[in-house]
Every structure is written in structure tokens, then in C-alpha cells.
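Enquirer: Input structure: structure_17.cif, which contains mmCIF, C-alpha atoms and all ligand atoms.
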data_entry
loop_
_atom_site.group_PDB
_atom_site.id
_atom_site.type_symbol
_atom_site.label_atom_id
_atom_site.label_comp_id
_atom_site.auth_asym_id
_atom_site.auth_seq_id
_atom_site.Cartn_x
_atom_site.Cartn_y
_atom_site.Cartn_z
ATOM 1 C CA MET A 28 -18.965 -10.548 -3.433
ATOM 2 C CA ARG A 29 -15.353 -9.549 -3.412
ATOM 3 C CA THR A 30 -14.094 -11.171 -0.240
ATOM 4 C CA LEU A 31 -14.930 -14.821 -0.899
ATOM 5 C CA THR A 32 -12.049 -16.953 0.299
ATOM 6 C CA THR A 33 -12.286 -18.834 -2.995
ATOM 7 C CA ALA A 34 -11.134 -15.729 -4.891
ATOM 8 C CA THR A 35 -7.749 -16.139 -6.552
ATOM 9 C CA PRO A 36 -4.766 -15.367 -4.318
ATOM 10 C CA ILE A 37 -2.500 -12.592 -5.550
ATOM 11 C CA VAL A 38 -0.003 -12.387 -2.707
ATOM 12 C CA GLU A 39 0.606 -15.142 -0.168
ATOM 13 C CA VAL A 40 2.656 -14.507 2.947
ATOM 14 C CA THR A 41 3.695 -17.767 4.582
ATOM 15 C CA GLY A 42 5.467 -18.092 7.918
ATOM 16 C CA VAL A 43 7.234 -14.769 7.537
ATOM 17 C CA THR A 44 9.548 -13.805 10.374
ATOM 18 C CA LYS A 45 11.897 -10.845 10.286
ATOM 19 C CA SER A 46 14.709 -10.127 12.720
ATOM 20 C CA PHE A 47 17.145 -7.267 12.683
ATOM 21 C CA PRO A 48 20.556 -7.471 14.348
ATOM 22 C CA GLY A 49 20.268 -5.694 17.697
ATOM 23 C CA ALA A 50 22.722 -4.357 20.239
ATOM 24 C CA ALA A 51 25.171 -6.769 21.932
ATOM 25 C CA GLY A 52 24.577 -9.436 19.316
ATOM 26 C CA SER A 53 20.946 -10.001 20.260
ATOM 27 C CA ASP A 54 18.452 -9.997 17.417
ATOM 28 C CA LEU A 55 15.312 -7.884 17.418
ATOM 29 C CA THR A 56 12.384 -9.950 16.131
ATOM 30 C CA VAL A 57 10.030 -7.523 14.450
ATOM 31 C CA LEU A 58 7.700 -9.934 12.636
ATOM 32 C CA ASP A 59 6.807 -13.358 13.983
ATOM 33 C CA ASP A 60 5.161 -16.050 11.864
ATOM 34 C CA ILE A 61 2.986 -13.841 9.675
ATOM 35 C CA ASN A 62 0.519 -15.713 7.466
ATOM 36 C CA PHE A 63 -2.082 -14.165 5.227
ATOM 37 C CA THR A 64 -3.345 -14.096 1.669
ATOM 38 C CA LEU A 65 -4.309 -11.042 -0.358
ATOM 39 C CA ARG A 66 -6.984 -12.090 -2.840
ATOM 40 C CA GLU A 67 -8.423 -10.658 -6.025
ATOM 41 C CA GLY A 68 -11.065 -8.037 -5.393
ATOM 42 C CA GLU A 69 -10.297 -7.197 -1.790
ATOM 43 C CA VAL A 70 -8.920 -4.326 0.217
ATOM 44 C CA VAL A 71 -7.078 -5.566 3.299
ATOM 45 C CA ALA A 72 -5.975 -3.219 6.072
ATOM 46 C CA LEU A 73 -3.066 -4.060 8.368
ATOM 47 C CA LEU A 74 -3.795 -2.212 11.582
ATOM 48 C CA GLY A 75 -1.169 -1.845 14.273
ATOM 49 C CA LYS A 76 0.533 0.575 16.623
ATOM 50 C CA SER A 77 3.665 2.451 15.723
ATOM 51 C CA GLY A 78 6.613 0.064 15.834
ATOM 52 C CA SER A 79 4.534 -3.094 15.386
ATOM 53 C CA GLY A 80 6.302 -3.921 12.129
ATOM 54 C CA LYS A 81 3.732 -2.725 9.587
ATOM 55 C CA SER A 82 6.227 -1.016 7.284
ATOM 56 C CA THR A 83 8.603 -3.957 7.606
ATOM 57 C CA LEU A 84 5.804 -6.328 6.580
ATOM 58 C CA LEU A 85 4.749 -4.213 3.599
ATOM 59 C CA ARG A 86 8.346 -3.838 2.440
ATOM 60 C CA THR A 87 8.773 -7.592 2.746
ATOM 61 C CA ILE A 88 5.688 -8.129 0.571
ATOM 62 C CA ALA A 89 7.110 -5.691 -1.979
ATOM 63 C CA GLY A 90 10.403 -7.592 -1.890
ATOM 64 C CA LEU A 91 12.340 -4.519 -0.815
ATOM 65 C CA ILE A 92 13.599 -6.523 2.168
ATOM 66 C CA ALA A 93 13.966 -10.287 2.480
ATOM 67 C CA PRO A 94 12.250 -12.195 5.287
ATOM 68 C CA THR A 95 14.476 -13.976 7.807
ATOM 69 C CA THR A 96 12.307 -17.086 7.477
ATOM 70 C CA GLY A 97 9.189 -17.838 5.487
ATOM 71 C CA GLN A 98 8.265 -16.631 2.037
ATOM 72 C CA VAL A 99 6.191 -14.265 -0.049
ATOM 73 C CA SER A 100 4.588 -15.532 -3.257
ATOM 74 C CA TYR A 101 3.128 -13.558 -6.121
ATOM 75 C CA ARG A 102 0.506 -15.513 -8.062
ATOM 76 C CA GLY A 103 1.927 -18.816 -6.904
ATOM 77 C CA THR A 104 5.601 -18.051 -7.477
ATOM 78 C CA ARG A 105 7.944 -17.327 -4.602
ATOM 79 C CA ILE A 106 9.513 -13.901 -5.009
ATOM 80 C CA ASN A 107 13.239 -13.443 -4.849
ATOM 81 C CA GLY A 108 13.890 -9.718 -4.916
ATOM 82 C CA ALA A 109 11.366 -7.103 -5.988
ATOM 83 C CA ASN A 110 7.785 -8.346 -6.225
ATOM 84 C CA PRO A 111 6.834 -7.893 -9.891
ATOM 85 C CA GLY A 112 3.108 -7.593 -9.182
ATOM 86 C CA VAL A 113 2.982 -4.717 -6.730
ATOM 87 C CA ALA A 114 3.570 -0.996 -6.497
ATOM 88 C CA MET A 115 3.957 0.948 -3.287
ATOM 89 C CA VAL A 116 2.739 4.266 -1.935
ATOM 90 C CA PHE A 117 4.825 5.608 0.958
ATOM 91 C CA GLN A 118 3.859 7.642 4.000
ATOM 92 C CA SER A 119 6.548 10.237 3.288
ATOM 93 C CA PHE A 120 5.791 10.253 -0.483
ATOM 94 C CA ALA A 121 9.436 9.361 -1.333
ATOM 95 C CA LEU A 122 9.526 11.633 -4.372
ATOM 96 C CA MET A 123 12.723 12.610 -6.150
ATOM 97 C CA PRO A 124 12.986 16.356 -5.390
ATOM 98 C CA TRP A 125 15.153 17.084 -8.432
ATOM 99 C CA LEU A 126 12.606 15.614 -10.847
ATOM 100 C CA THR A 127 9.385 17.145 -12.132
ATOM 101 C CA VAL A 128 6.013 15.529 -11.479
ATOM 102 C CA GLN A 129 6.109 14.029 -14.972
ATOM 103 C CA ASP A 130 9.600 12.569 -14.475
ATOM 104 C CA ASN A 131 8.768 11.260 -10.993
ATOM 105 C CA VAL A 132 5.761 9.444 -12.422
ATOM 106 C CA GLU A 133 7.778 8.057 -15.353
ATOM 107 C CA LEU A 134 10.568 6.726 -13.121
ATOM 108 C CA GLY A 135 9.183 3.208 -12.661
ATOM 109 C CA LEU A 136 8.400 2.862 -16.353
ATOM 110 C CA ARG A 137 11.913 3.987 -17.200
ATOM 111 C CA ALA A 138 13.247 1.246 -14.914
ATOM 112 C CA GLN A 139 11.053 -1.245 -16.778
ATOM 113 C CA GLY A 140 12.522 -0.107 -20.102
ATOM 114 C CA VAL A 141 9.251 1.262 -21.454
ATOM 115 C CA PRO A 142 9.981 3.421 -24.550
ATOM 116 C CA PRO A 143 9.826 7.224 -24.103
ATOM 117 C CA ALA A 144 6.652 7.893 -26.089
ATOM 118 C CA GLU A 145 4.672 5.213 -24.231
ATOM 119 C CA ARG A 146 6.163 6.336 -20.927
ATOM 120 C CA ARG A 147 5.028 9.871 -21.537
ATOM 121 C CA GLN A 148 1.564 8.799 -22.603
ATOM 122 C CA ARG A 149 1.035 6.514 -19.613
ATOM 123 C CA ALA A 150 2.390 9.085 -17.169
ATOM 124 C CA LEU A 151 0.020 11.735 -18.544
ATOM 125 C CA GLU A 152 -2.888 9.316 -18.133
ATOM 126 C CA ALA A 153 -1.939 8.571 -14.522
ATOM 127 C CA ILE A 154 -1.422 12.269 -13.794
ATOM 128 C CA ASP A 155 -4.850 13.017 -15.224
ATOM 129 C CA LEU A 156 -6.479 10.117 -13.361
ATOM 130 C CA ILE A 157 -5.266 11.380 -9.984
ATOM 131 C CA GLY A 158 -6.123 15.034 -10.586
ATOM 132 C CA LEU A 159 -2.653 16.412 -11.240
ATOM 133 C CA ASP A 160 -3.140 17.715 -14.776
ATOM 134 C CA GLY A 161 -1.482 21.074 -15.201
ATOM 135 C CA PHE A 162 1.237 20.160 -12.689
ATOM 136 C CA GLU A 163 3.368 18.014 -15.015
ATOM 137 C CA SER A 164 6.311 20.427 -14.957
ATOM 138 C CA ALA A 165 6.128 21.300 -11.262
ATOM 139 C CA TYR A 166 8.741 20.149 -8.765
ATOM 140 C CA PRO A 167 7.698 18.408 -5.518
ATOM 141 C CA LYS A 168 8.756 21.376 -3.356
ATOM 142 C CA GLU A 169 6.224 23.558 -5.186
ATOM 143 C CA LEU A 170 3.353 21.262 -4.205
ATOM 144 C CA SER A 171 1.239 20.868 -1.063
ATOM 145 C CA GLY A 172 1.406 17.626 0.903
ATOM 146 C CA GLY A 173 -1.807 16.378 -0.656
ATOM 147 C CA MET A 174 -0.555 17.098 -4.172
ATOM 148 C CA ARG A 175 2.765 15.407 -3.388
ATOM 149 C CA GLN A 176 0.944 12.291 -2.304
ATOM 150 C CA ARG A 177 -1.074 12.441 -5.519
ATOM 151 C CA VAL A 178 2.280 12.205 -7.293
ATOM 152 C CA GLY A 179 3.038 9.221 -5.066
ATOM 153 C CA PHE A 180 -0.214 7.593 -6.179
ATOM 154 C CA ALA A 181 0.362 8.446 -9.856
ATOM 155 C CA ARG A 182 3.838 6.935 -9.683
ATOM 156 C CA ALA A 183 2.355 3.693 -8.349
ATOM 157 C CA LEU A 184 -0.752 3.594 -10.566
ATOM 158 C CA VAL A 185 1.198 4.252 -13.769
ATOM 159 C CA LEU A 186 2.643 0.766 -13.312
ATOM 160 C CA ARG A 187 -0.905 -0.692 -13.393
ATOM 161 C CA PRO A 188 0.042 -2.932 -10.488
ATOM 162 C CA ASP A 189 -1.849 -6.120 -9.838
ATOM 163 C CA ALA A 190 -1.782 -5.196 -6.141
ATOM 164 C CA LEU A 191 -1.311 -1.761 -4.634
ATOM 165 C CA LEU A 192 0.536 -1.575 -1.301
ATOM 166 C CA MET A 193 0.057 1.586 0.707
ATOM 167 C CA ASP A 194 2.066 2.414 3.823
ATOM 168 C CA GLU A 195 0.064 4.931 5.876
ATOM 169 C CA PRO A 196 -0.623 6.884 2.688
ATOM 170 C CA PHE A 197 -2.776 9.545 4.325
ATOM 171 C CA SER A 198 -1.173 9.957 7.735
ATOM 172 C CA ALA A 199 1.066 12.866 6.700
ATOM 173 C CA LEU A 200 -1.963 14.787 5.392
ATOM 174 C CA ASP A 201 -4.537 16.916 7.148
ATOM 175 C CA VAL A 202 -8.001 15.454 7.719
ATOM 176 C CA LEU A 203 -9.802 17.079 4.797
ATOM 177 C CA THR A 204 -7.012 16.381 2.319
ATOM 178 C CA SER A 205 -6.794 12.763 3.371
ATOM 179 C CA GLU A 206 -10.574 12.302 3.209
ATOM 180 C CA ASN A 207 -10.631 13.676 -0.331
ATOM 181 C CA LEU A 208 -7.750 11.568 -1.542
ATOM 182 C CA ARG A 209 -9.095 8.456 0.170
ATOM 183 C CA GLY A 210 -12.487 9.001 -1.434
ATOM 184 C CA GLU A 211 -10.966 9.513 -4.877
ATOM 185 C CA LEU A 212 -8.874 6.387 -4.543
ATOM 186 C CA MET A 213 -11.944 4.368 -3.579
ATOM 187 C CA ASP A 214 -13.864 5.800 -6.538
ATOM 188 C CA LEU A 215 -11.067 4.585 -8.807
ATOM 189 C CA TRP A 216 -11.097 1.206 -7.053
ATOM 190 C CA GLU A 217 -14.815 0.797 -7.729
ATOM 191 C CA ARG A 218 -14.353 1.490 -11.438
ATOM 192 C CA PRO A 219 -14.583 -1.662 -13.554
ATOM 193 C CA ASP A 220 -11.638 -0.558 -15.721
ATOM 194 C CA PHE A 221 -9.279 -0.021 -12.762
ATOM 195 C CA PRO A 222 -6.426 -2.466 -13.453
ATOM 196 C CA THR A 223 -5.417 -3.085 -9.833
ATOM 197 C CA LYS A 224 -7.032 -6.212 -8.406
ATOM 198 C CA ALA A 225 -6.235 -5.886 -4.695
ATOM 199 C CA ILE A 226 -5.129 -3.279 -2.195
ATOM 200 C CA CYS A 227 -3.212 -3.764 1.037
ATOM 201 C CA VAL A 228 -3.141 -0.671 3.230
ATOM 202 C CA VAL A 229 -1.127 -0.264 6.400
ATOM 203 C CA THR A 230 -2.459 2.123 9.020
ATOM 204 C CA HIS A 231 -2.491 2.863 12.727
ATOM 205 C CA ASN A 232 -5.875 4.576 12.299
ATOM 206 C CA ILE A 233 -8.811 2.279 13.033
ATOM 207 C CA GLU A 234 -11.324 4.566 11.324
ATOM 208 C CA GLU A 235 -9.265 4.582 8.147
ATOM 209 C CA ALA A 236 -8.988 0.791 8.280
ATOM 210 C CA VAL A 237 -12.746 0.341 8.604
ATOM 211 C CA LEU A 238 -13.532 2.911 5.903
ATOM 212 C CA LEU A 239 -11.161 1.420 3.368
ATOM 213 C CA ALA A 240 -11.008 -2.283 3.946
ATOM 214 C CA ASP A 241 -13.065 -5.403 3.413
ATOM 215 C CA ARG A 242 -11.185 -7.007 6.267
ATOM 216 C CA VAL A 243 -8.811 -5.724 8.879
ATOM 217 C CA LEU A 244 -5.849 -7.733 10.149
ATOM 218 C CA VAL A 245 -4.795 -6.584 13.594
ATOM 219 C CA LEU A 246 -1.082 -6.674 14.348
ATOM 220 C CA SER A 247 0.283 -6.909 17.874
ATOM 221 C CA SER A 248 3.627 -5.344 18.796
ATOM 222 C CA ASN A 249 6.943 -6.787 19.992
ATOM 223 C CA PRO A 250 7.017 -8.905 17.983
ATOM 224 C CA GLY A 251 4.476 -8.161 15.265
ATOM 225 C CA ARG A 252 1.963 -10.991 15.058
ATOM 226 C CA ILE A 253 -1.453 -11.140 13.467
ATOM 227 C CA LYS A 254 -3.721 -11.194 16.495
ATOM 228 C CA GLY A 255 -6.993 -11.426 14.653
ATOM 229 C CA GLU A 256 -9.037 -10.569 11.626
ATOM 230 C CA VAL A 257 -12.149 -8.417 11.499
ATOM 231 C CA PRO A 258 -14.399 -8.641 8.430
ATOM 232 C CA ILE A 259 -16.077 -5.363 7.522
ATOM 233 C CA HIS A 260 -19.525 -5.605 5.978
ATOM 234 C CA LEU A 261 -20.545 -2.406 4.266
ATOM 235 C CA PRO A 262 -22.781 -1.938 1.247
ATOM 236 C CA ARG A 263 -21.125 -1.454 -2.144
ATOM 237 C CA PRO A 264 -20.570 0.820 -3.818
ATOM 238 C CA ARG A 265 -20.066 2.843 -0.708
ATOM 239 C CA ASP A 266 -19.401 6.456 -0.122
ATOM 240 C CA ARG A 267 -16.303 5.861 1.909
ATOM 241 C CA ARG A 268 -15.778 9.582 2.322
ATOM 242 C CA SER A 269 -18.651 9.726 4.742
ATOM 243 C CA PRO A 270 -18.218 7.963 8.066
ATOM 244 C CA THR A 271 -21.925 8.316 8.888
ATOM 245 C CA PHE A 272 -23.024 4.838 7.837
ATOM 246 C CA GLU A 273 -23.615 1.966 10.207
ATOM 247 C CA ALA A 274 -20.688 -0.418 10.120
ATOM 248 C CA THR A 275 -21.444 -3.965 11.177
ATOM 249 C CA VAL A 276 -18.458 -5.778 12.546
ATOM 250 C CA GLU A 277 -18.646 -9.505 13.158
HETATM 251 P P1 LIG B 1 5.678 0.382 12.008
HETATM 252 O O1 LIG B 1 5.668 0.643 10.538
HETATM 253 O O2 LIG B 1 4.569 -0.503 12.470
HETATM 254 O O3 LIG B 1 5.740 1.642 12.813
HETATM 255 P P2 LIG B 1 8.342 -0.647 11.479
HETATM 256 O O4 LIG B 1 8.165 -1.812 10.594
HETATM 257 O O5 LIG B 1 8.788 0.620 10.856
HETATM 258 O O6 LIG B 1 7.018 -0.438 12.343
HETATM 259 O O7 LIG B 1 9.394 -1.013 12.603
HETATM 260 C C1 LIG B 1 9.185 -2.074 13.519
HETATM 261 C C2 LIG B 1 10.396 -2.230 14.398
HETATM 262 O O8 LIG B 1 11.490 -2.663 13.601
HETATM 263 C C3 LIG B 1 10.834 -0.951 15.097
HETATM 264 O O9 LIG B 1 11.259 -1.295 16.385
HETATM 265 C C4 LIG B 1 11.996 -0.488 14.242
HETATM 266 O O10 LIG B 1 12.900 0.250 15.003
HETATM 267 C C5 LIG B 1 12.603 -1.797 13.777
HETATM 268 N N1 LIG B 1 13.271 -1.688 12.471
HETATM 269 C C6 LIG B 1 12.660 -1.398 11.286
HETATM 270 N N2 LIG B 1 13.560 -1.398 10.287
HETATM 271 C C7 LIG B 1 14.763 -1.695 10.843
HETATM 272 C C8 LIG B 1 16.087 -1.860 10.331
HETATM 273 N N3 LIG B 1 16.359 -1.726 9.039
HETATM 274 N N4 LIG B 1 17.058 -2.178 11.215
HETATM 275 C C9 LIG B 1 16.794 -2.333 12.520
HETATM 276 N N5 LIG B 1 15.576 -2.210 13.086
HETATM 277 C C10 LIG B 1 14.565 -1.884 12.255
HETATM 278 MG MG MG B 2 5.549 2.355 9.473
#
Any chance you could give the structure as C-alpha cells?
Expert:
Amino acid sequence: MRTLTTATPIVEVTGVTKSFPGAAGSDLTVLDDINFTLREGEVVALLGKSGSGKSTLLRTIAGLIAPTTGQVSYRGTRINGANPGVAMVFQSFALMPWLTVQDNVELGLRAQGVPPAERRQRALEAIDLIGLDGFESAYPKELSGGMRQRVGFARALVLRPDALLMDEPFSALDVLTSENLRGELMDLWERPDFPTKAICVVTHNIEEAVLLADRVLVLSSNPGRIKGEVPIHLPRPRDRRSPTFEATVE
């Protein structure tokens, strides 16, 4: 079973609080005392309303922003700056419009100093994996929303991240496109050779949370706190594209 609490922790979030400076010198507390562990083999959904701090929490885990108090650890080591074990997929894709698909996908490898030939090879593999072959030379503006988000996935997966963080990855897509992409991602996740060991997905969509996750953490708003956790028991491997199964929720 993948969700045993004895499974090795990948990311640990301990006592994380985040405040932003507000008007008239008063601080806006967005996250309040967040504690949770992302373990090997699990998909965790963070479910909350708009404004509850989901993106702030995911960005904190990625090390893109620093918590006000508390800490984030990656495999037992407190991060200070970018989390070396994660890659992120963004709601708005966050592609570089002046770069081709190939160059967008290679960007992270370039930053890591991976040599050109290996960069190219790995990018082509990721592009192929996510169904973008033939679009290597296209620019983002020439692609549909679904294809753009495939580039977003390829750009993350090319890094072979230990943990994949996804911030509402399907919410900018129409229903059919998001169902397809979600299903393909879960097919990859079920593959034994898929290098990523855990997924954390942020969503405001309860159906998406239940379809994707092994457990759902529910975030309250103002400030964002983890109100509760719902384990999802579904048979594996599952056809997560079809919502017609019986979900049992404890
Ligand atoms: P969600 O992703 O759940 O919709 P966010 O994490 O984007 O929520 O935002 C939570 C709250 O934090 C919102 O009230 C937002 O306005 C505020 N916020 C987010 N980022 C900043 C920032 N850089 N500066 C000030 N306030 C911010
Ligand atoms: Mg958000």
C-alpha cells in the first residue's frame, strides 16, 4: 500500500506560517501553523477555496517564497531557497512565449548546467512522454491550452523530480481536456519506471481531489489552516478518468 505512514518522508512542512505586509502596517496572515508530510508513493491533494493560501503553501514548499515562521525540509534537510527535490506545474502554465516548446522544456536543465546533448535528449524524451512529439519547434502561442499545459508538465517532468507539485494544473482547461491530461498523468504515475515518488496537487475542485489523491488535506480560509484530512480508498490501478466508481471516504 502506498499511503502507509511508515513510508519515507520526502517533504516535511513544520509549523509553517506566512504573513504578508498589509495596509496600514497590519500583516495579513495567509498560512497559520501548517504541518504535514508528503511521503513516498502518495498523491496528496490540498483542497481549499480561492484565497485560502494554496498557491502560497505550494510556493513555500518549492522554496520560491520563505515562510515567516516554521520550516520546509526535503529528505530530512531544511531547505534554504529553492527546494532541490521538487518541480512545479502552474495553473497559468508560466511558459516563456519567446521560446519554442523544446527550449521551454530544456530551461530547467540549462539552469542545472546539464550539457546541450543530454539536455536535448532528455527534453525530447519528456516531450514524447507527454504527447507533444511533432511540436518541438512550435511556440506557446501556436498551441491550445491543453497543449500548453503539456509543455508545463514536460518542463517539470524533464527534471525527474522526486516530488511533483501542481498548482491547479487543470483548472484553466476545459473539462474534456483536463480529464484526458489528468488520466495520462495518472497512467504515468502508475508506471513502475516513473521517477517521481510523490505528488502534491492543489485544487479547489473536490472531484479532482478525490480522483487524484490518496488523501485530501482540507484548508480553511483566513488564515489558511489544515482543518482535516480525508483518506481516499480506491482500488489500484484505477481508471481515474472515469468518475463512475464508488469512492469510500472514511
Ligand atoms: P489560493 O491559491 O488558495 O487562491 P493564494 O495563496 O494565492 O490563495 O493567496 C492567499 C492570500 O494571500 C490572498 O488573500 C492573496 O491576496 C494573498 N497573497 C498572496 N500572495 C501575496 C503577496 N505576494 N503579497 C501580498 N498578499 C499576497
Ligand atoms: Mg492559487
Enquirer: Taking the file as shown, find all residues satisfying the PyMOL selection byres (((chain A and resi 40) around 6) and not hetatm) and write them as a list of chain:residue names.
Expert: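 For this structure, the PyMOL selection byres (((chain A and resi 40) around 6) and not hetatm) resolves to A:Glu39, A:Thr41, A:Asn62, A:Phe63, A:Val99.
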Enquirer: Can you list what the PyMOL selection byres (((chain A and resi 230-235) around 8) and not hetatm) grabs from this structure, as number ranges by chain?
Expert: A: 72-77, 81, 194-195, 228-229, 236-239
Enquirer: Could you list the residues chosen by the PyMOL selection byres (((not hetatm)) within 10 of (chain B and resi 1)) in this structure as a ChimeraX atom specification?
Expert: /A:45-50,54-58,73-87,92,118,194-195,229-231,246-251
Enquirer: Mind giving me the straight-line distance from atom CA of A:His260 to atom CA of A:Asp241 in Å, one decimal?
Expert: 7.0 Å
Enquirer: One decimal, Å: what's the distance from atom CA of A:Leu212 over to atom CA of A:Ala153, could you say?
Expert: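 Distance reported for this atom pair: 12.3 Å.
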Enquirer: Quick one: residues within 9 Å of A:Phe162, all atoms listed in the file counted, chain neighbours fewer than 4 positions away excluded, as a PyMOL selection string?
Expert: chain A and resi 127-129+154+166+170
Enquirer: Using only C-alpha atoms and all ligand atoms for the distances, tell me which of A:Leu159, A:Leu186, A:Asp130, A:Ser119 is nearest to ligand MG 2 (chain B).
Expert: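 Of the candidates, the smallest distance to ligand MG 2 (chain B) is held by A:Ser119.
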Enquirer: From the list A:Pro167, A:Gly172, A:Gly112, A:Gly140, which residue is nearest A:Pro124 when using only C-alpha atoms?
Expert: A:Pro167
Enquirer: Which residue out of A:Ile157, A:Ala190, A:Ala144, A:Val38 has the minimum interatomic distance to A:Lys224 when only C-alpha atoms are used?
Expert: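 Among the listed residues, the smallest separation from A:Lys224 belongs to A:Ala190.
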Enquirer: Taking 6 positions as the minimum chain separation for residues in the same chain, which residues sit within 12 Å of A:Gly158 when counting only C-alpha atoms? Answer as a PyMOL selection string.
Expert: chain A and resi 151-152+173-178+180-181+207-208+211-212+215
Enquirer: For a test of reading the model, state the distance in Å between atom CA of A:Arg105 and atom CA of A:Pro196, rounded to one decimal.
Expert: 26.7 Å
Enquirer: Compare A:Gly179, A:Glu163, A:Tyr101, A:Leu134 by their minimum atom-to-atom distance to A:Ala121, counting all atoms listed in the file, and give me the closest one.
Expert: A:Gly179
Enquirer: Pick from A:Val71, A:Leu156, A:Leu191, A:Val116: nearest to ligand MG 2 (chain B), with only C-alpha atoms and all ligand atoms counted?
Expert: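 Among the listed residues, A:Val116 lies closest to ligand MG 2 (chain B).
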Enquirer: I'd like the contact shell of A:Thr35 - 10 Å cut-off, only C-alpha atoms, skipping same-chain residues fewer than 4 positions apart - returned as a short mmCIF file (atom, residue, chain, number, x, y, z; two decimals) with C-alpha atoms, in the frame of the given file.
Expert:
data_model
loop_
_atom_site.label_atom_id
_atom_site.label_comp_id
_atom_site.auth_asym_id
_atom_site.auth_seq_id
_atom_site.Cartn_x
_atom_site.Cartn_y
_atom_site.Cartn_z
CA LEU A 31 -14.93 -14.82 -0.90
CA THR A 64 -3.34 -14.10 1.67
CA LEU A 65 -4.31 -11.04 -0.36
CA ARG A 66 -6.98 -12.09 -2.84
CA GLU A 67 -8.42 -10.66 -6.02
CA GLY A 68 -11.06 -8.04 -5.39
CA ARG A 102 0.51 -15.51 -8.06
#
Enquirer: If you count only C-alpha atoms, which residues fall within 9 Å of A:Arg187, apart from same-chain ones fewer than 4 positions away, as a ChimeraX atom specification?
Expert: /A:113-114,183,191,221-223
